[in-house]
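Pasted below: coords00.cif, mmCIF, C-alpha atoms.
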```
data_run
#
loop_
_atom_site.label_atom_id
_atom_site.label_comp_id
_atom_site.auth_asym_id
_atom_site.auth_seq_id
_atom_site.Cartn_x
_atom_site.Cartn_y
_atom_site.Cartn_z
CA MET S 1 106.18 64.33 21.56
CA VAL S 2 105.54 61.59 24.13
CA THR S 3 108.95 60.15 23.23
CA ALA S 4 110.66 63.51 23.90
CA TYR S 5 109.35 63.31 27.47
CA THR S 6 109.69 59.59 28.17
CA VAL S 7 113.20 58.91 26.82
CA PRO S 8 114.98 61.50 29.03
CA ALA S 9 112.78 60.48 31.96
CA VAL S 10 113.63 56.78 31.65
CA ALA S 11 117.34 57.57 31.19
CA VAL S 12 117.64 59.92 34.17
CA TRP S 13 115.59 57.69 36.47
CA ALA S 14 117.49 54.54 35.42
CA VAL S 15 120.81 56.21 36.27
CA LEU S 16 119.39 57.27 39.63
CA GLY S 17 118.20 53.69 40.19
CA LEU S 18 121.67 52.34 39.41
CA GLY S 19 123.17 54.69 41.97
CA LEU S 20 120.61 54.09 44.70
CA GLY S 21 120.58 50.32 44.11
CA ALA S 22 124.35 50.13 44.59
CA LEU S 23 124.13 51.67 48.05
CA PRO S 24 123.06 49.70 51.15
CA LEU S 25 119.99 51.84 51.74
CA ALA S 26 117.08 49.39 51.51
CA GLY S 27 116.47 49.04 55.26
CA PRO S 28 116.58 52.73 56.20
CA ALA S 29 114.67 53.59 53.01
CA ARG S 30 111.77 51.31 54.02
CA THR S 31 111.48 53.06 57.38
CA LEU S 32 111.81 56.47 55.73
CA THR S 33 109.12 55.52 53.18
CA ALA S 34 106.62 54.77 55.96
CA ILE S 35 107.45 57.99 57.85
CA TYR S 36 107.54 60.24 54.77
CA ALA S 37 104.36 58.80 53.24
CA GLY S 38 102.52 58.88 56.57
CA CYS S 39 103.46 62.47 57.46
CA TYR S 40 103.00 64.02 54.01
CA GLY S 41 99.95 61.87 53.26
CA LEU S 42 98.22 63.10 56.39
CA GLN S 43 99.19 66.69 55.61
CA GLU S 44 97.85 66.53 52.06
CA VAL S 45 94.63 64.72 53.04
CA THR S 46 93.81 67.19 55.80
CA GLY S 47 94.80 70.18 53.63
CA ARG S 48 97.10 71.56 56.31
CA ARG S 49 100.37 73.31 55.68
CA GLY S 50 103.41 72.57 57.79
CA LEU S 51 106.11 70.51 56.20
CA PRO S 52 107.37 72.16 53.01
CA THR S 53 107.10 69.96 49.92
CA PRO S 54 110.64 68.84 49.07
CA GLY S 55 112.00 69.73 45.67
CA SER S 56 113.20 72.48 43.42
CA ARG S 57 111.60 75.93 43.04
CA TRP S 58 113.24 76.46 39.65
CA GLN S 59 111.14 77.28 36.59
CA VAL S 60 112.23 76.98 32.97
CA PRO S 61 113.46 80.46 31.91
CA GLN S 62 111.71 81.89 28.86
CA THR S 63 115.07 82.39 27.13
CA MET S 64 115.39 78.62 26.83
CA VAL S 65 112.22 78.25 24.79
CA LEU S 66 111.49 81.62 23.17
CA GLY S 67 112.80 82.17 19.67
CA VAL S 68 113.90 78.56 19.19
CA SER S 69 112.54 76.00 16.75
CA GLY S 70 109.53 73.92 17.75
CA ARG S 71 111.60 70.76 17.71
CA ARG S 72 114.24 72.22 20.03
CA ARG S 73 111.54 73.60 22.31
CA ILE S 74 109.98 70.14 22.67
CA LEU S 75 113.44 68.69 23.39
CA VAL S 76 114.08 71.30 26.11
CA TRP S 77 110.66 70.80 27.69
CA GLY S 78 110.93 67.04 27.42
CA SER S 79 114.39 66.90 29.00
CA VAL S 80 113.47 69.27 31.81
CA LEU S 81 109.89 68.23 32.57
CA GLY S 82 109.96 64.52 31.69
CA PRO S 83 112.20 63.33 34.57
CA GLY S 84 110.56 65.84 36.91
CA PHE S 85 113.51 66.76 39.15
CA LEU S 86 114.29 70.29 38.03
CA THR S 87 111.03 72.18 38.21
CA ARG S 88 108.66 73.07 41.03
CA ASN S 89 106.35 70.27 42.12
CA PRO S 90 103.50 71.07 44.53
CA TYR S 91 102.72 67.43 45.39
CA ALA S 92 104.73 65.53 48.00
CA GLY S 93 104.36 62.22 46.18
CA PHE S 94 107.22 62.99 43.83
CA GLY S 95 109.73 63.27 46.69
CA LEU S 96 108.79 59.78 47.82
CA LEU S 97 109.75 58.14 44.54
CA PRO S 98 113.58 58.10 44.96
CA ILE S 99 113.10 56.74 48.49
CA VAL S 100 110.94 53.87 47.18
CA VAL S 101 113.57 53.16 44.51
CA ALA S 102 116.14 52.83 47.31
CA THR S 103 113.93 50.20 49.01
CA ALA S 104 114.23 47.89 45.99
CA GLY S 105 117.52 46.44 47.27
CA GLY S 106 119.87 45.51 44.44
CA VAL S 107 121.07 47.38 41.39
CA ARG S 108 118.93 45.55 38.82
CA ALA S 109 115.67 45.85 40.77
CA ALA S 110 116.27 49.50 41.64
CA ALA S 111 117.21 50.44 38.07
CA THR S 112 114.17 48.62 36.64
CA LEU S 113 111.77 50.20 39.13
CA ALA S 114 113.32 53.63 38.55
CA ALA S 115 113.06 53.27 34.77
CA VAL S 116 109.36 52.31 35.02
CA ILE S 117 108.77 55.26 37.35
CA GLY S 118 110.49 57.55 34.84
CA LEU S 119 108.37 56.13 32.02
CA ALA S 120 105.17 56.67 34.04
CA HIS S 121 106.09 60.24 35.01
CA GLY S 122 107.22 61.25 31.52
CA THR S 123 104.13 59.73 29.90
CA GLY S 124 101.80 61.40 32.40
CA ARG S 125 103.47 64.76 31.82
CA ALA S 126 103.29 64.44 28.03
CA LEU S 127 99.65 63.32 28.08
CA ALA S 128 98.69 66.29 30.27
CA LEU S 129 100.34 68.65 27.79
CA LEU S 130 98.65 66.96 24.84
CA ARG S 131 95.31 67.37 26.58
CA ASP S 132 96.02 71.05 27.31
CA ALA S 133 97.03 71.64 23.68
CA ARG S 134 93.49 70.88 22.51
CA PRO S 135 91.48 73.87 21.29
CA GLY S 136 89.36 75.41 24.04
CA ALA S 137 91.41 73.85 26.82
CA ALA S 138 92.37 77.24 28.30
CA ALA S 139 92.17 76.84 32.04
CA ASP S 140 90.07 78.97 34.35
CA PRO S 141 92.44 79.99 37.21
CA LEU S 142 89.85 79.21 39.89
CA ARG S 143 89.19 75.79 38.40
CA LEU S 144 92.94 75.22 38.22
CA VAL S 145 93.33 75.86 41.96
CA LEU S 146 90.34 73.66 42.76
CA THR S 147 91.64 70.81 40.59
CA SER S 148 95.10 71.07 42.16
CA MET S 149 93.43 70.69 45.57
CA TYR S 150 91.72 67.49 44.39
CA TRP S 151 95.03 66.16 43.05
CA ARG S 152 96.71 67.05 46.36
CA ALA S 153 94.08 65.07 48.27
CA PHE S 154 94.45 62.14 45.85
CA ASP S 155 98.23 62.26 46.26
CA GLY S 156 97.75 62.26 50.04
CA PHE S 157 95.49 59.21 50.04
CA VAL S 158 97.86 57.26 47.81
CA LEU S 159 100.73 58.25 50.13
CA LEU S 160 98.78 56.85 53.07
CA VAL S 161 98.25 53.56 51.22
CA VAL S 162 102.00 53.57 50.52
CA ALA S 163 102.69 54.11 54.23
CA GLY S 164 100.58 51.05 55.04
CA ALA S 165 102.35 48.97 52.38
CA ALA S 166 105.78 50.06 53.69
CA ILE S 167 104.80 49.06 57.22
CA ALA S 168 103.72 45.65 55.90
CA VAL S 169 107.03 45.12 54.07
CA GLN S 170 109.01 46.08 57.17
CA GLY S 171 106.76 43.89 59.34
CA HIS S 172 107.25 40.87 57.07
CA LEU S 173 111.03 41.27 57.27
CA LEU S 174 110.96 41.55 61.04
CA ALA S 175 108.50 38.65 61.52
CA MET D 176 64.75 70.92 50.67
CA THR D 177 68.24 72.20 50.11
CA GLY D 178 69.69 68.81 49.39
CA ARG D 179 72.11 69.04 52.31
CA LEU D 180 71.97 66.69 55.25
CA ALA D 181 71.85 68.40 58.59
CA GLY D 182 72.03 67.42 62.24
CA PRO D 183 73.51 64.30 63.77
CA ALA D 184 73.09 62.26 60.57
CA ARG D 185 75.98 64.19 59.02
CA LEU D 186 79.44 63.24 60.26
CA PRO D 187 81.83 66.10 60.93
CA ARG D 188 84.44 66.47 58.21
CA PRO D 189 87.51 65.77 60.40
CA ALA D 190 85.99 62.44 61.42
CA VAL D 191 85.35 61.46 57.81
CA THR D 192 88.90 62.45 56.87
CA ALA D 193 90.36 60.51 59.80
CA ALA D 194 88.30 57.43 58.89
CA ALA D 195 89.31 57.63 55.23
CA ALA D 196 92.99 58.12 56.15
CA THR D 197 92.93 55.14 58.51
CA THR D 198 91.22 53.02 55.86
CA ALA D 199 93.88 54.02 53.31
CA VAL D 200 96.74 52.98 55.61
CA ALA D 201 94.95 49.74 56.54
CA ALA D 202 94.27 48.95 52.87
CA GLY D 203 97.93 49.37 51.95
CA LEU D 204 99.03 47.28 54.88
CA ALA D 205 96.52 44.50 54.17
CA VAL D 206 97.21 44.27 50.43
CA GLU D 207 101.00 44.28 50.83
CA TRP D 208 100.81 41.78 53.68
CA ALA D 209 98.58 39.47 51.62
CA ALA D 210 101.01 39.78 48.72
CA GLY D 211 103.80 38.44 50.90
CA GLY D 212 105.45 41.70 51.91
CA LEU D 213 107.90 41.59 49.02
CA GLY D 214 107.32 45.20 48.09
CA VAL D 215 105.39 44.54 44.87
CA THR D 216 102.43 46.63 46.04
CA LEU D 217 104.81 49.35 47.18
CA ALA D 218 106.52 49.42 43.79
CA SER D 219 103.18 49.42 41.94
CA LEU D 220 101.93 52.31 44.05
CA ALA D 221 105.14 54.23 43.33
CA VAL D 222 104.48 53.86 39.59
CA LEU D 223 100.91 55.10 40.13
CA VAL D 224 102.20 58.10 42.12
CA ALA D 225 104.69 58.88 39.35
CA ALA D 226 102.07 58.76 36.57
CA ALA D 227 99.56 60.82 38.56
CA ASN D 228 102.24 63.32 39.55
CA GLY D 229 103.36 63.83 35.98
CA PHE D 230 99.78 64.40 34.89
CA ALA D 231 98.80 66.56 37.87
CA LYS D 232 101.74 68.92 37.55
CA ALA D 233 99.77 70.62 34.80
CA TYR D 234 97.45 71.76 37.61
CA SER D 235 100.10 73.49 39.68
CA PRO D 236 99.00 77.11 40.04
#
```

Could the structure of this file be written out as structure tokens, please?
Amino acid sequence: MVTAYTVPAVAVWAVLGLGLGALPLAGPARTLTAIYAGCYGLQEVTGRRGLPTPGSRWQVPQTMVLGVSGRRRILVWGSVLGPGFLTRNPYAGFGLLPIVVATAGGVRAAATLAAVIGLAHGTGRALALLRDARPGAAADPLRLVLTSMYWRAFDGFVLLVVAGAAIAVQGHLLA
Amino acid sequence: MTGRLAGPARLPRPAVTAAAATTAVAAGLAVEWAAGGLGVTLASLAVLVAAANGFAKAYSP
């Protein structure tokens, strides 16, 4: 099952990395990384709402998974959820990832970084589903909301660390 | 005793958040700067964000 999530994720992200790495975007992407991570990081850490989280609002329709074989269902879920682009994502960190890929500068570096990001996202998604598939793992809705708030704060703090790192990279290049 | 600190010993929450946020930015800046500013820390953090995001999406209400 982990493979069904990681293989499409690595493939899609690697293609994206090839595209972004071929474009001369590294400089603007570094500046955008610092601004994006700083603004969204602050918003998520303080719990305020203002900037909408970038991304899709699409959800997998039931017709795609109901009445199909278990193997096909895993393939559909893996292809859709593994890369992470198609479905709703409440955390701003995901939107930062293509921008960071663009900072890599060079096709090989961008494709490698993108593939590792895809592997990490697909593996994380599959592991979460494996954990939820355990008996007795039914989630209490209130606990779900509370946990999502903790994850949002965590995402925000990591984004702020990213903002600092992006400033340092830009500073080194200007120094 | 309720177990809660009260009075001036307890920092207001916005101040704690602001201090933690500033520390986070400073930590990222310091680590990346010490690493030579090549973007290795940035790339590593992006991988961490990706893994955490994939896992945390299960908690999207």

Expansion of the PyMOL selection byres ((chain S and resi 125) around 9) into residues, as number ranges by chain:
S: 2, 5-6, 78, 81-82, 84, 120-124, 126-130; D: 226-233

Among listed residues S:Leu75, S:Val60, S:Ala37, S:Leu16, nearest chain D (using only C-alpha atoms)
S:Ala37

Chain D contacts on chain S, only C-alpha atoms, 7 Å, as a PyMOL selection string:
chain S and resi 46+89-90+93-94+97+100+116-117+120-122+124-125+127-128+144-145+147-148+151+157+160-169+172

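Between atom CA of S:Ala26 and atom CA of S:Ala104 there is a distance of 6.4 Å.
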
Report as a PyMOL selection string the full result of the PyMOL selection byres ((chain S and resi 39) around 12) when it is applied to this structure.
(chain S and resi 32-38+40-46+48-53+92-93+96+156-157+159-160+162-163) or (chain D and resi 196+200)

Store the residues of this selection in a file with C-alpha atoms, as a PDB file, keeping the file's coordinate frame.
```pdb
ATOM      1  CA  LEU S  32     111.810  56.470  55.730  1.00  0.00           C
ATOM      2  CA  THR S  33     109.120  55.520  53.180  1.00  0.00           C
ATOM      3  CA  ALA S  34     106.620  54.770  55.960  1.00  0.00           C
ATOM      4  CA  ILE S  35     107.450  57.990  57.850  1.00  0.00           C
ATOM      5  CA  TYR S  36     107.540  60.240  54.770  1.00  0.00           C
ATOM      6  CA  ALA S  37     104.360  58.800  53.240  1.00  0.00           C
ATOM      7  CA  GLY S  38     102.520  58.880  56.570  1.00  0.00           C
ATOM      8  CA  TYR S  40     103.000  64.020  54.010  1.00  0.00           C
ATOM      9  CA  GLY S  41      99.950  61.870  53.260  1.00  0.00           C
ATOM     10  CA  LEU S  42      98.220  63.100  56.390  1.00  0.00           C
ATOM     11  CA  GLN S  43      99.190  66.690  55.610  1.00  0.00           C
ATOM     12  CA  GLU S  44      97.850  66.530  52.060  1.00  0.00           C
ATOM     13  CA  VAL S  45      94.630  64.720  53.040  1.00  0.00           C
ATOM     14  CA  THR S  46      93.810  67.190  55.800  1.00  0.00           C
ATOM     15  CA  ARG S  48      97.100  71.560  56.310  1.00  0.00           C
ATOM     16  CA  ARG S  49     100.370  73.310  55.680  1.00  0.00           C
ATOM     17  CA  GLY S  50     103.410  72.570  57.790  1.00  0.00           C
ATOM     18  CA  LEU S  51     106.110  70.510  56.200  1.00  0.00           C
ATOM     19  CA  PRO S  52     107.370  72.160  53.010  1.00  0.00           C
ATOM     20  CA  THR S  53     107.100  69.960  49.920  1.00  0.00           C
ATOM     21  CA  ALA S  92     104.730  65.530  48.000  1.00  0.00           C
ATOM     22  CA  GLY S  93     104.360  62.220  46.180  1.00  0.00           C
ATOM     23  CA  LEU S  96     108.790  59.780  47.820  1.00  0.00           C
ATOM     24  CA  GLY S 156      97.750  62.260  50.040  1.00  0.00           C
ATOM     25  CA  PHE S 157      95.490  59.210  50.040  1.00  0.00           C
ATOM     26  CA  LEU S 159     100.730  58.250  50.130  1.00  0.00           C
ATOM     27  CA  LEU S 160      98.780  56.850  53.070  1.00  0.00           C
ATOM     28  CA  VAL S 162     102.000  53.570  50.520  1.00  0.00           C
ATOM     29  CA  ALA S 163     102.690  54.110  54.230  1.00  0.00           C
TER      30      ALA S 163
ATOM     31  CA  ALA D 196      92.990  58.120  56.150  1.00  0.00           C
ATOM     32  CA  VAL D 200      96.740  52.980  55.610  1.00  0.00           C
TER      33      VAL D 200
END
```

Just checking: using all atoms listed in the file, which residue out of S:Ile99, S:Val80, S:Ala153, S:Leu173 ends up closest to S:Leu25?
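The answer is S:Ile99, which sits nearest to S:Leu25.
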
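Going from atom CA of S:Thr31 over to atom CA of S:Gly19, you cover 19.4 Å.
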
Calculated over only C-alpha atoms, which of the candidates S:Ala29, S:Ala110, S:Ala4, S:Val12 has the smallest distance to S:Arg73?
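Ranked by minimum distance to S:Arg73, first place goes to S:Ala4.
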
May I ask which of the residues S:Gly47, S:Gly118, S:Gly70, S:Gly106 is the closest one to S:Met149, counting only C-alpha atoms?
S:Gly47

All residues 9 Å or closer to S:Pro98, all atoms listed in the file, same chain fewer than 3 positions away omitted, as a list in words
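Within the cut-off, the hits are Trp13, Leu16, Gly17, Leu20, Phe94, Gly95, Val101, Ala102, Thr103 and Ala114 of chain S.
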
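What separates atom CA of S:Leu23 from atom CA of S:Ala11 is a distance of 19.1 Å.
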
Can you sort out the box for stretch 206-221 of chain D, edges along x, y and z, all listed atoms in, 8 Å on every side, with centre and edge lengths in Å to one decimal, as lines of an AutoDock Vina configuration file?
```
center_x = 102.6
center_y = 46.3
center_z = 47.8
size_x = 26.7
size_y = 31.8
size_z = 27.7
```
